[in-house]
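Structure file entry27.cif with mmCIF, C-alpha atoms:
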data_upload
loop_
_atom_site.label_atom_id
_atom_site.label_comp_id
_atom_site.auth_asym_id
_atom_site.auth_seq_id
_atom_site.Cartn_x
_atom_site.Cartn_y
_atom_site.Cartn_z
CA MET A 1 70.59 22.34 -30.01
CA LYS A 2 67.28 22.57 -31.76
CA ILE A 3 64.96 24.99 -33.50
CA LYS A 4 62.49 26.53 -31.09
CA ASP A 5 58.85 25.58 -31.37
CA GLY A 6 56.35 27.96 -32.83
CA PHE A 7 57.85 28.50 -36.25
CA ILE A 8 56.93 26.91 -39.51
CA LEU A 9 58.46 26.90 -42.97
CA ARG A 10 56.34 28.32 -45.74
CA LYS A 11 57.04 28.19 -49.44
CA PHE A 12 55.98 31.21 -51.44
CA SER A 13 56.88 31.64 -55.06
CA ASP A 14 60.44 30.22 -55.16
CA LYS A 15 61.23 31.36 -51.62
CA ILE A 16 61.34 29.46 -48.37
CA VAL A 17 60.74 31.48 -45.22
CA ALA A 18 60.29 30.74 -41.54
CA VAL A 19 57.27 32.42 -40.00
CA ALA A 20 55.86 32.32 -36.50
CA GLU A 21 52.58 30.54 -36.00
CA ASP A 22 49.82 30.31 -33.43
CA ASP A 23 50.47 32.19 -30.21
CA TYR A 24 54.07 32.87 -31.18
CA ALA A 25 52.89 35.11 -33.99
CA ASP A 26 52.12 37.90 -31.56
CA ASN A 27 55.53 37.97 -29.96
CA SER A 28 57.82 37.30 -32.84
CA ASN A 29 58.17 38.69 -36.27
CA SER A 30 61.34 36.85 -37.14
CA PHE A 31 62.06 36.73 -40.81
CA ILE A 32 64.40 34.13 -42.23
CA LYS A 33 64.90 33.44 -45.90
CA MET A 34 66.31 30.04 -46.71
CA ASN A 35 67.74 27.96 -49.49
CA SER A 36 67.15 24.23 -49.83
CA SER A 37 70.14 23.19 -47.69
CA ALA A 38 69.03 25.61 -44.96
CA GLU A 39 65.58 24.03 -45.20
CA PHE A 40 67.19 20.60 -44.77
CA VAL A 41 69.10 21.72 -41.66
CA TRP A 42 66.02 23.46 -40.28
CA ASN A 43 63.97 20.28 -40.55
CA PHE A 44 66.84 18.20 -39.14
CA LEU A 45 67.01 20.54 -36.14
CA ARG A 46 63.35 20.16 -35.31
CA GLN A 47 64.76 17.49 -33.02
CA ASP A 48 67.59 18.04 -30.61
CA ARG A 49 70.93 17.38 -32.36
CA THR A 50 74.59 18.02 -31.73
CA TYR A 51 76.70 20.14 -34.04
CA GLU A 52 78.51 17.02 -35.25
CA GLU A 53 75.27 15.24 -36.06
CA VAL A 54 74.17 18.11 -38.29
CA VAL A 55 77.54 18.20 -40.09
CA ASP A 56 77.39 14.43 -40.66
CA ALA A 57 73.83 14.73 -41.99
CA LEU A 58 74.92 17.46 -44.41
CA LEU A 59 77.86 15.34 -45.61
CA GLU A 60 75.56 12.43 -46.22
CA LYS A 61 72.95 14.48 -48.05
CA TYR A 62 75.16 16.73 -50.15
CA ASP A 63 78.32 16.09 -52.09
CA ILE A 64 80.48 18.55 -50.14
CA ASP A 65 83.59 18.39 -47.95
CA ARG A 66 83.54 18.82 -44.18
CA GLN A 67 84.92 22.36 -44.29
CA THR A 68 82.15 23.52 -46.66
CA ALA A 69 79.50 21.80 -44.55
CA GLU A 70 80.78 23.48 -41.40
CA ASN A 71 80.94 26.89 -43.06
CA ASP A 72 77.38 26.54 -44.37
CA LEU A 73 76.15 25.33 -41.02
CA ASN A 74 77.89 28.15 -39.15
CA GLY A 75 76.27 30.69 -41.46
CA PHE A 76 72.85 29.15 -40.95
CA LEU A 77 73.29 28.92 -37.17
CA SER A 78 74.30 32.54 -36.84
CA VAL A 79 71.20 33.67 -38.77
CA VAL A 80 68.89 31.46 -36.72
CA ARG A 81 70.63 32.42 -33.48
CA ASN A 82 70.35 36.14 -34.26
CA ALA A 83 66.65 35.70 -34.96
CA GLY A 84 66.29 34.11 -31.54
CA LEU A 85 65.04 30.82 -32.93
CA LEU A 86 67.79 28.52 -31.70
CA ASP A 87 67.44 26.64 -28.44
CA GLU A 88 70.98 25.79 -27.35
CA GLN A 89 70.15 24.69 -23.83
CA SER A 90 68.61 21.38 -24.70
CA MET B 1 64.80 43.42 -35.70
CA SER B 2 64.35 44.69 -39.25
CA SER B 3 61.15 46.41 -40.30
CA PRO B 4 59.08 45.11 -43.24
CA GLU B 5 60.14 48.23 -45.18
CA GLN B 6 63.83 47.33 -44.72
CA ILE B 7 63.27 43.65 -45.51
CA ILE B 8 61.40 44.41 -48.76
CA LYS B 9 64.17 46.77 -49.76
CA GLU B 10 66.88 44.23 -49.00
CA PHE B 11 65.26 40.97 -50.18
CA GLY B 12 62.55 42.16 -52.57
CA PHE B 13 59.82 40.48 -50.56
CA TYR B 14 58.47 40.08 -47.03
CA SER B 15 56.58 37.34 -45.31
CA ALA B 16 54.82 37.31 -41.96
CA PRO B 17 52.08 35.66 -39.96
CA VAL B 18 48.69 37.33 -39.92
CA HIS B 19 47.78 39.38 -36.84
CA GLY B 20 44.20 40.22 -36.08
CA MET B 21 40.91 39.43 -37.77
CA SER B 22 40.50 42.38 -40.11
CA MET B 23 40.92 40.22 -43.24
CA TYR B 24 38.81 37.36 -41.96
CA PRO B 25 37.40 35.06 -43.42
CA LEU B 26 40.16 35.14 -46.04
CA LEU B 27 42.98 35.28 -43.49
CA LYS B 28 42.76 34.12 -39.93
CA ASN B 29 44.69 35.47 -36.96
CA HIS B 30 47.87 33.45 -36.17
CA ARG B 31 46.90 30.59 -38.48
CA ASP B 32 47.71 32.11 -41.86
CA SER B 33 50.67 33.90 -43.34
CA VAL B 34 51.20 36.24 -46.25
CA TYR B 35 53.80 36.89 -48.92
CA ILE B 36 54.28 40.55 -49.76
CA GLU B 37 56.01 42.02 -52.81
CA PRO B 38 56.83 45.65 -53.67
CA PRO B 39 53.71 47.71 -54.43
CA GLU B 40 53.76 47.92 -58.22
CA HIS B 41 50.73 48.41 -60.48
CA LEU B 42 48.24 48.68 -57.64
CA LYS B 43 44.65 47.92 -58.61
CA LYS B 44 41.28 47.84 -56.95
CA TYR B 45 40.86 44.66 -54.86
CA ASP B 46 44.60 44.32 -54.23
CA VAL B 47 45.43 43.49 -50.63
CA VAL B 48 48.14 45.84 -49.39
CA LEU B 49 50.37 46.10 -46.35
CA PHE B 50 50.63 49.69 -45.16
CA ARG B 51 51.72 51.65 -42.14
CA ARG B 52 49.32 53.95 -40.35
CA LYS B 53 50.54 57.36 -39.29
CA ASN B 54 50.66 56.04 -35.71
CA GLY B 55 53.15 53.37 -36.81
CA GLN B 56 50.72 50.45 -36.83
CA LEU B 57 51.12 47.86 -39.60
CA VAL B 58 47.88 46.99 -41.37
CA LEU B 59 46.86 44.55 -44.10
CA HIS B 60 43.71 45.73 -45.89
CA ARG B 61 42.14 45.63 -49.32
CA ILE B 62 42.01 48.52 -51.79
CA VAL B 63 38.34 49.24 -52.43
CA SER B 64 38.78 52.43 -54.44
CA ILE B 65 41.58 54.39 -56.07
CA GLU B 66 41.32 58.17 -55.99
CA LYS B 67 43.58 60.66 -57.73
CA SER B 68 46.24 60.89 -55.06
CA CYS B 69 45.19 58.35 -52.48
CA PHE B 70 43.70 54.93 -51.88
CA LEU B 71 40.58 53.88 -50.00
CA VAL B 72 41.20 50.67 -48.11
CA CYS B 73 39.03 48.45 -45.96
CA GLY B 74 39.51 45.13 -44.16
CA ASP B 75 37.35 42.29 -45.46
CA ASN B 76 35.97 41.97 -41.96
CA GLU B 77 35.46 45.69 -41.44
CA PHE B 78 33.04 48.37 -42.49
CA PHE B 79 35.12 51.48 -42.08
CA LYS B 80 36.94 52.71 -45.17
CA GLU B 81 40.26 54.37 -44.53
CA THR B 82 42.11 56.83 -46.76
CA ILE B 83 45.83 56.25 -47.17
CA GLN B 84 48.59 57.79 -49.28
CA LYS B 85 50.69 55.82 -51.73
CA GLU B 86 53.81 56.46 -49.62
CA GLN B 87 52.22 54.56 -46.74
CA ILE B 88 51.95 51.36 -48.78
CA ILE B 89 54.80 48.95 -48.09
CA GLY B 90 53.81 46.17 -50.45
CA LYS B 91 51.02 44.12 -51.89
CA MET B 92 50.06 40.56 -51.10
CA THR B 93 50.77 38.26 -54.04
CA GLU B 94 50.54 34.93 -52.23
CA PHE B 95 49.15 33.68 -48.98
CA CYS B 96 48.99 30.50 -46.97
CA ARG B 97 45.47 29.86 -45.73
CA ASN B 98 44.96 26.90 -43.44
CA ASN B 99 48.17 25.26 -44.76
CA LYS B 100 47.15 25.72 -48.39
CA ASN B 101 48.90 28.19 -50.63
CA GLY B 102 46.94 30.63 -52.75
CA LYS B 103 47.93 33.26 -55.27
CA THR B 104 46.19 36.59 -55.66
CA ALA B 105 46.67 36.39 -59.43
CA GLY B 106 44.43 33.32 -59.63
CA LEU B 107 40.85 33.34 -60.86
CA LYS B 108 39.51 31.96 -57.60
CA PHE B 109 40.95 34.89 -55.65
CA LYS B 110 39.61 37.41 -58.15
CA ILE B 111 36.11 36.00 -57.99
CA TYR B 112 36.27 35.95 -54.19
CA SER B 113 37.48 39.57 -54.09
CA HIS B 114 34.77 40.84 -56.42
CA CYS B 115 31.98 38.98 -54.65
CA TRP B 116 33.17 39.97 -51.21
CA CYS B 117 33.61 43.64 -52.02
CA SER B 118 30.29 43.95 -53.82
CA SER B 119 28.53 42.40 -50.84
CA PHE B 120 29.49 45.25 -48.53
CA PHE B 121 26.02 45.60 -47.07
CA ILE B 122 25.16 41.96 -46.59
CA ARG B 123 28.59 41.21 -45.16
CA LYS B 124 27.38 41.55 -41.62
CA ILE B 125 24.94 38.72 -42.20
CA LEU B 126 27.50 36.59 -44.04
CA LEU B 127 30.09 37.14 -41.33
CA TYR B 128 27.63 36.28 -38.64
CA ILE B 129 26.81 32.99 -40.35
CA TYR B 130 30.44 32.21 -41.15
CA THR B 131 31.65 32.91 -37.63
CA LYS B 132 28.89 30.81 -36.15
CA PHE B 133 29.90 27.75 -38.17
CA ASP B 134 33.66 28.24 -38.08
CA ARG B 135 34.53 26.03 -35.17
CA ASP B 136 38.25 25.85 -35.97
#

Could you show the structure in this file as structure tokens?
Amino acid sequence: MKIKDGFILRKFSDKIVAVAEDDYADNSNSFIKMNSSAEFVWNFLRQDRTYEEVVDALLEKYDIDRQTAENDLNGFLSVVRNAGLLDEQS
Amino acid sequence: MSSPEQIIKEFGFYSAPVHGMSMYPLLKNHRDSVYIEPPEHLKKYDVVLFRRKNGQLVLHRIVSIEKSCFLVCGDNEFFKETIQKEQIIGKMTEFCRNNKNGKTAGLKFKIYSHCWCSSFFIRKILLYIYTKFDRD
């Protein structure tokens, strides 16, 4: 799975949001607010990764157990999936 | 998909890419994005996001404040539009222009706003020159 092209992270004030850019801006108005770990996963998923790869990356980056990492990742994935920004075919 | 009104209510802010050229040369279609906060303490020169009666979302600048309404105009436009306070969804407090962040509270933005708004009549010439040399 990977994050679809056409979206970029912007930092405003203390917020991180994903906004559409270029030609995608006309078709999508997806709004996603993120925290720093979501930003990390977002950037990691700019390339095609498996679920396990993302969990392993989270475990390496943050001092958390596997269950917490999976819960966080599931929450993030459901938000991104609902916004239509997740490409699960690749 | 949630509307900007709902998002501002839920999160306290809204962010979106820029559509159209009405705020050019400050903001360019598809390239730039804006950060919108609830519309408090509105002043002349503030850039506000509002909804037209036909449902269209518009980002324009306040050029005059009347007793019960606001006169707004796009930086790239010459037609002033009257809107009610209830139509205003939020005001732009930050923006990302060509990958660089800017704040509307900064001095640079204030000087730009004043100069641009006071040049209403020579804007056509300025815009013509700017467009001609903007090869991006």

*Skipping near chain neighbours, those fewer than 5 positions away, what residues fall within 6 Å of stretch 40-51 of chain A using only C-alpha atoms, listed as a ChimeraX atom specification?*
/A:1-3

Same residues, C-alpha atoms, saved as a compact mmCIF listing (two decimals), in the coordinates of the input:
# COMPACT_ATOMS: atom_id res chain seq x y z
CA MET A 1 70.59 22.34 -30.01
CA LYS A 2 67.28 22.57 -31.76
CA ILE A 3 64.96 24.99 -33.50

*Contacts of B:Ser33 at 10 Å or less, counting only C-alpha atoms, minus same-chain residues fewer than 6 places along, as a count of residues only?*
18

*Which one is closest to B:Glu66: B:Leu49, B:Ile36, B:Leu42, B:Leu126? Count only C-alpha atoms.*
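When distances to B:Glu66 are compared using only C-alpha atoms, the smallest one comes from B:Leu42.
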
_Residues near A:Asn35, cut-off 7 Å, all atoms listed in the file, skip fewer than 3 positions along chain, as a VMD selection string_ = chain A and resid 16 38 to 39

*atom CA of A:Gly6 to atom CA of A:Phe31: how many Å, to one decimal?*
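Separation of atom CA of A:Gly6 and atom CA of A:Phe31: 13.2 Å.
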
*Close residues, B:Lys44 itself excluded, 10 Å, all atoms listed in the file, min 2 positions apart in chain, as a PyMOL selection string*: chain B and resi 42+46-47+61-65+70-72+113-114

*asked:* What's around B:Gly90 at 12 Å? Count all atoms listed in the file, leave out sequence neighbours fewer than 6 positions away in its own chain, and write the answer as a PyMOL selection string.
replied: chain B and resi 4-9+12-15+34-42+46-51+57-61

*d(atom CA of B:Lys103, atom CA of B:Asp32) in Å*: 13.5 Å

*Which of these, B:Thr93, B:Gln87, B:Asn76, B:Ser118, has the shortest distance to B:Gly106 once you count only C-alpha atoms?*
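Comparing B:Thr93, B:Gln87, B:Asn76, B:Ser118 against B:Gly106, the winner is B:Thr93.
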
Apply the PyMOL selection byres ((chain A and resi 55) around 12) to the displayed file and report the matching residues as a compact mmCIF listing (two decimals) with C-alpha atoms, in the frame of the given file.
# COMPACT_ATOMS: atom_id res chain seq x y z
CA SER A 37 70.14 23.19 -47.69
CA PHE A 40 67.19 20.60 -44.77
CA VAL A 41 69.10 21.72 -41.66
CA PHE A 44 66.84 18.20 -39.14
CA LEU A 45 67.01 20.54 -36.14
CA ARG A 49 70.93 17.38 -32.36
CA THR A 50 74.59 18.02 -31.73
CA TYR A 51 76.70 20.14 -34.04
CA GLU A 52 78.51 17.02 -35.25
CA GLU A 53 75.27 15.24 -36.06
CA VAL A 54 74.17 18.11 -38.29
CA ASP A 56 77.39 14.43 -40.66
CA ALA A 57 73.83 14.73 -41.99
CA LEU A 58 74.92 17.46 -44.41
CA LEU A 59 77.86 15.34 -45.61
CA GLU A 60 75.56 12.43 -46.22
CA LYS A 61 72.95 14.48 -48.05
CA TYR A 62 75.16 16.73 -50.15
CA ILE A 64 80.48 18.55 -50.14
CA ASP A 65 83.59 18.39 -47.95
CA ARG A 66 83.54 18.82 -44.18
CA GLN A 67 84.92 22.36 -44.29
CA THR A 68 82.15 23.52 -46.66
CA ALA A 69 79.50 21.80 -44.55
CA GLU A 70 80.78 23.48 -41.40
CA ASN A 71 80.94 26.89 -43.06
CA ASP A 72 77.38 26.54 -44.37
CA LEU A 73 76.15 25.33 -41.02
CA ASN A 74 77.89 28.15 -39.15
CA PHE A 76 72.85 29.15 -40.95
CA LEU A 77 73.29 28.92 -37.17

*Closest to chain A among B:Cys73, B:Ile129, B:Met92, B:Cys117, using all atoms listed in the file?*
B:Met92

*Enter the distance from atom CA of B:Gly102 to atom CA of A:Ala18, in Å, rounded to one decimal.*
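Going from atom CA of B:Gly102 over to atom CA of A:Ala18 covers 17.4 Å.
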
Determine the residue set returned by the PyMOL selection byres ((chain A and resi 15) around 8) for the present structure, and present it as a short mmCIF file (atom, residue, chain, number, x, y, z; two decimals) with C-alpha atoms, in the coordinates of the input.
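Output file out.cif is given in full below:
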data_model
loop_
_atom_site.label_atom_id
_atom_site.label_comp_id
_atom_site.auth_asym_id
_atom_site.auth_seq_id
_atom_site.Cartn_x
_atom_site.Cartn_y
_atom_site.Cartn_z
CA LYS A 11 57.04 28.19 -49.44
CA PHE A 12 55.98 31.21 -51.44
CA SER A 13 56.88 31.64 -55.06
CA ASP A 14 60.44 30.22 -55.16
CA ILE A 16 61.34 29.46 -48.37
CA VAL A 17 60.74 31.48 -45.22
CA LYS A 33 64.90 33.44 -45.90
CA MET A 34 66.31 30.04 -46.71
CA ASN A 35 67.74 27.96 -49.49
#

_Nearest-residue call for chain A, choices B:Lys110, B:Lys124, B:Lys91, B:Lys100, using all atoms listed in the file_ = B:Lys100

*Could you tell me which of B:Ser68, B:Ile89, B:Lys80, B:Thr104 comes closest to chain A if we count only C-alpha atoms?*
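Among the listed residues, B:Thr104 lies closest to chain A.
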
Padding 5 Å on each side, edges along x, y and z: where is the centre of the box around the listed atoms of stretch 105-124 of chain B, and how long are its edges in Å to one decimal? Output it as lines of an AutoDock Vina configuration file.
center_x = 35.9
center_y = 38.8
center_z = -51.2
size_x = 31.5
size_y = 23.6
size_z = 29.2

*Find the residue from B:Phe133, B:Tyr45, B:Phe11, B:Trp116 that sits nearest to chain A; use all atoms listed in the file when measuring.*
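For chain A, the nearest of the candidates is B:Phe11.
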